[in-house]
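Peer 1: Pasting a structure here, questions to come.
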Amino acid sequence: MVMAVSFERYGRLYYLDPGEFRPRVGDKVLVPTDDGPEVAECVWAPQYVTDEVGGLPLCAGIATAKDLDRDEQNRQRRADARVIAKRTIRQHDLPMKVVGIDFVDRRPDVDQLVIVYFSAPHRVDFRELVRDLARALRARIELRQVGARDEARLQGGIGPCGRDLCCATFLKDFEPVSVRMAKDQDLPLNPLKISGACGRLMCCLKYEHPLYQEFNAKAPALGTAVETPAGDGVVVGHNVPSDTVVVRLAASGRRCACSRADVCSPRQQYEASSTTTPDAAPVEPAATPAADATPAVDAVPEEEAREERRARKPRRRRRLHHDDEGETAQ
């Protein structure tokens, strides 16, 4: 069985093995973390799945009233620490932006730990800032600098598509994204159109890029003369989601959408091929092995073969007769 929980409303989902517990949607449960069990909300009740899933963390149990009080106090402490950190950074006049605060009180090696996540355009000397924050918060302080993508993941937000950011909901790893992906998908190279909330290229450019690469590798290029069921024409456009190409017919000049399988190869080879895959190459006749040349000899008429044998035998007899006469003469 599998269940899903979230630490924040509309935040990233974390999957757990419910074990012996059966929480319902909206219940508070304890999730094992590196810093001890934390309170999270069940957003997907335990249910059986068809795929075999292993290695999931085991649910630590249902959150008690004591756990809920501690979680509420930690939320208030994080809010207060955020205000104090912003004020202290402003006093030191440092080019830092507070992204998130994490309060840890269940780690065995420290009593209380406040982790401050911040972003900055370059490396910052924050040694004096750490001393002032430790004195103000009365806790051990750790400052961790994050990049632009991690900043968007921690803060969350709405993307250009109108939905929650992928990095803040389900995306775990940031894969490299390049402008070449936007070019292959015929997207406008306007930074405002292809950039996400973090200011970097949108991660969703990676999702459909393999489909476009496969289509461009097999589809005829623009300006290629092709044969279609409606007549000869020239390719003037591609439609990757529908797996079609736009062809301008030479006879009438009108445009029509044809399947990629209709124009990738001659129609006769496509229909004659034994495969059912439209993208497969036409089947070529196999080379005839040397042993297959034997039937050509059998194809000779039987009467001609009999005459050849009859013509060879007398010559052989005469040759033997002369040999005998030579031996007798000696």
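Labels for the structure tokens follow display order: chains A, B, ..., residues from 1 in each chain, ligands from 1.
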If you run DSSP on the backbone here, which positions in stretch 61-277 of chain A get strand (DSSP E)? Please write them as a ChimeraX atom specification.
Peer 2: /A:61-62,97-104,113-119,140-145,225-228,231-239,244-249,255-259
Peer 1: Keeping only N, CA and C atoms, take the residues you just selected and write them out as a compact mmCIF listing (two decimals), in the first residue's frame.
Peer 2:
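Listed below is the output, again-v9.txt:
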# COMPACT_ATOMS: atom_id res chain seq x y z
N GLY A 61 3.40 7.03 12.36
CA GLY A 61 2.18 6.97 13.17
C GLY A 61 1.32 8.20 12.98
N ILE A 62 0.21 8.22 13.73
CA ILE A 62 -0.71 9.35 13.70
C ILE A 62 -0.22 10.42 14.68
N LYS A 97 18.98 37.67 0.27
CA LYS A 97 17.53 37.58 0.28
C LYS A 97 17.15 36.29 0.99
N VAL A 98 16.40 36.39 2.06
CA VAL A 98 15.98 35.22 2.82
C VAL A 98 14.92 34.45 2.02
N VAL A 99 15.19 33.19 1.78
CA VAL A 99 14.28 32.35 0.99
C VAL A 99 13.43 31.47 1.89
N GLY A 100 14.01 30.91 2.91
CA GLY A 100 13.27 30.01 3.79
C GLY A 100 13.97 29.84 5.11
N ILE A 101 13.20 29.42 6.11
CA ILE A 101 13.71 29.18 7.46
C ILE A 101 13.28 27.78 7.88
N ASP A 102 14.21 27.06 8.45
CA ASP A 102 13.91 25.72 8.96
C ASP A 102 14.35 25.66 10.42
N PHE A 103 13.45 25.22 11.29
CA PHE A 103 13.72 25.14 12.73
C PHE A 103 13.80 23.67 13.11
N VAL A 104 14.93 23.27 13.68
CA VAL A 104 15.18 21.87 14.07
C VAL A 104 15.37 21.82 15.57
N LEU A 113 18.35 24.40 16.41
CA LEU A 113 19.10 24.77 15.21
C LEU A 113 18.17 25.51 14.27
N VAL A 114 18.63 26.66 13.80
CA VAL A 114 17.88 27.46 12.83
C VAL A 114 18.69 27.50 11.54
N ILE A 115 18.11 26.96 10.46
CA ILE A 115 18.76 26.94 9.15
C ILE A 115 18.13 28.03 8.29
N VAL A 116 18.95 28.95 7.83
CA VAL A 116 18.49 30.07 7.02
C VAL A 116 18.94 29.84 5.58
N TYR A 117 17.98 29.73 4.68
CA TYR A 117 18.27 29.59 3.25
C TYR A 117 18.18 30.98 2.62
N PHE A 118 19.22 31.36 1.88
CA PHE A 118 19.24 32.69 1.28
C PHE A 118 19.81 32.60 -0.12
N SER A 119 19.52 33.61 -0.92
CA SER A 119 20.07 33.74 -2.27
C SER A 119 20.84 35.05 -2.36
N ARG A 140 21.66 27.79 17.57
CA ARG A 140 22.74 27.60 16.60
C ARG A 140 22.21 27.99 15.22
N ILE A 141 23.06 28.67 14.40
CA ILE A 141 22.63 29.21 13.11
C ILE A 141 23.45 28.54 11.99
N GLU A 142 22.76 28.17 10.94
CA GLU A 142 23.39 27.68 9.71
C GLU A 142 22.81 28.47 8.55
N LEU A 143 23.69 29.04 7.71
CA LEU A 143 23.27 29.77 6.53
C LEU A 143 23.65 28.97 5.30
N ARG A 144 22.69 28.75 4.42
CA ARG A 144 22.91 27.96 3.21
C ARG A 144 22.45 28.77 2.00
N GLN A 145 23.38 28.98 1.08
CA GLN A 145 23.06 29.74 -0.13
C GLN A 145 22.49 28.79 -1.19
N ALA A 225 10.04 18.02 -51.79
CA ALA A 225 8.96 17.56 -52.66
C ALA A 225 8.56 16.15 -52.25
N VAL A 226 7.28 15.93 -52.02
CA VAL A 226 6.79 14.64 -51.55
C VAL A 226 5.56 14.24 -52.36
N GLU A 227 5.21 12.97 -52.25
CA GLU A 227 4.01 12.43 -52.87
C GLU A 227 3.00 12.12 -51.77
N THR A 228 1.80 12.58 -51.93
CA THR A 228 0.73 12.37 -50.96
C THR A 228 -0.44 11.68 -51.65
N GLY A 231 -1.95 13.98 -54.11
CA GLY A 231 -1.14 14.45 -55.21
C GLY A 231 0.22 14.91 -54.75
N ASP A 232 1.06 15.32 -55.73
CA ASP A 232 2.40 15.80 -55.42
C ASP A 232 2.33 17.19 -54.79
N GLY A 233 3.33 17.49 -53.95
CA GLY A 233 3.36 18.79 -53.30
C GLY A 233 4.69 19.02 -52.61
N VAL A 234 4.76 20.11 -51.84
CA VAL A 234 5.96 20.52 -51.13
C VAL A 234 5.62 20.69 -49.66
N VAL A 235 6.50 20.22 -48.77
CA VAL A 235 6.29 20.34 -47.33
C VAL A 235 6.50 21.79 -46.91
N VAL A 236 5.51 22.38 -46.26
CA VAL A 236 5.59 23.77 -45.82
C VAL A 236 5.43 23.91 -44.31
N GLY A 237 5.18 22.83 -43.58
CA GLY A 237 5.01 22.93 -42.14
C GLY A 237 4.96 21.56 -41.49
N HIS A 238 5.18 21.56 -40.15
CA HIS A 238 5.14 20.34 -39.35
C HIS A 238 4.15 20.53 -38.21
N ASN A 239 3.49 19.46 -37.83
CA ASN A 239 2.60 19.45 -36.67
C ASN A 239 2.96 18.23 -35.84
N THR A 244 1.75 14.91 -38.11
CA THR A 244 1.41 15.20 -39.50
C THR A 244 2.32 16.29 -40.04
N VAL A 245 2.35 16.40 -41.36
CA VAL A 245 3.08 17.46 -42.05
C VAL A 245 2.10 18.22 -42.93
N VAL A 246 2.34 19.50 -43.10
CA VAL A 246 1.49 20.35 -43.94
C VAL A 246 2.13 20.43 -45.31
N VAL A 247 1.37 20.05 -46.35
CA VAL A 247 1.88 19.98 -47.71
C VAL A 247 1.07 20.93 -48.58
N ARG A 248 1.75 21.72 -49.41
CA ARG A 248 1.09 22.56 -50.40
C ARG A 248 1.09 21.82 -51.73
N LEU A 249 -0.10 21.48 -52.20
CA LEU A 249 -0.24 20.69 -53.42
C LEU A 249 0.18 21.51 -54.63
N ARG A 255 -3.40 23.80 -49.22
CA ARG A 255 -2.62 23.10 -48.22
C ARG A 255 -3.46 21.99 -47.60
N CYS A 256 -2.80 20.92 -47.29
CA CYS A 256 -3.48 19.79 -46.65
C CYS A 256 -2.53 19.17 -45.64
N ALA A 257 -3.09 18.58 -44.61
CA ALA A 257 -2.32 17.90 -43.56
C ALA A 257 -2.30 16.41 -43.87
N CYS A 258 -1.11 15.87 -43.98
CA CYS A 258 -0.94 14.46 -44.30
C CYS A 258 -0.17 13.78 -43.18
N SER A 259 -0.46 12.53 -42.99
CA SER A 259 0.25 11.76 -41.98
C SER A 259 1.72 11.62 -42.38
Peer 1: For atom CA of A:Asp93 and atom CA of A:Ala81, quote the distance in Å rounded to one decimal.
Peer 2: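 If I compute the distance from atom CA of A:Asp93 to atom CA of A:Ala81, I get 18.1 Å.
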Peer 1: Nearest residue to A:Arg77 out of A:Pro229, A:Val179, A:Leu137, A:Glu208, using only C-alpha atoms?
Peer 2: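 Among A:Pro229, A:Val179, A:Leu137, A:Glu208, it is A:Leu137 that comes nearest to A:Arg77.
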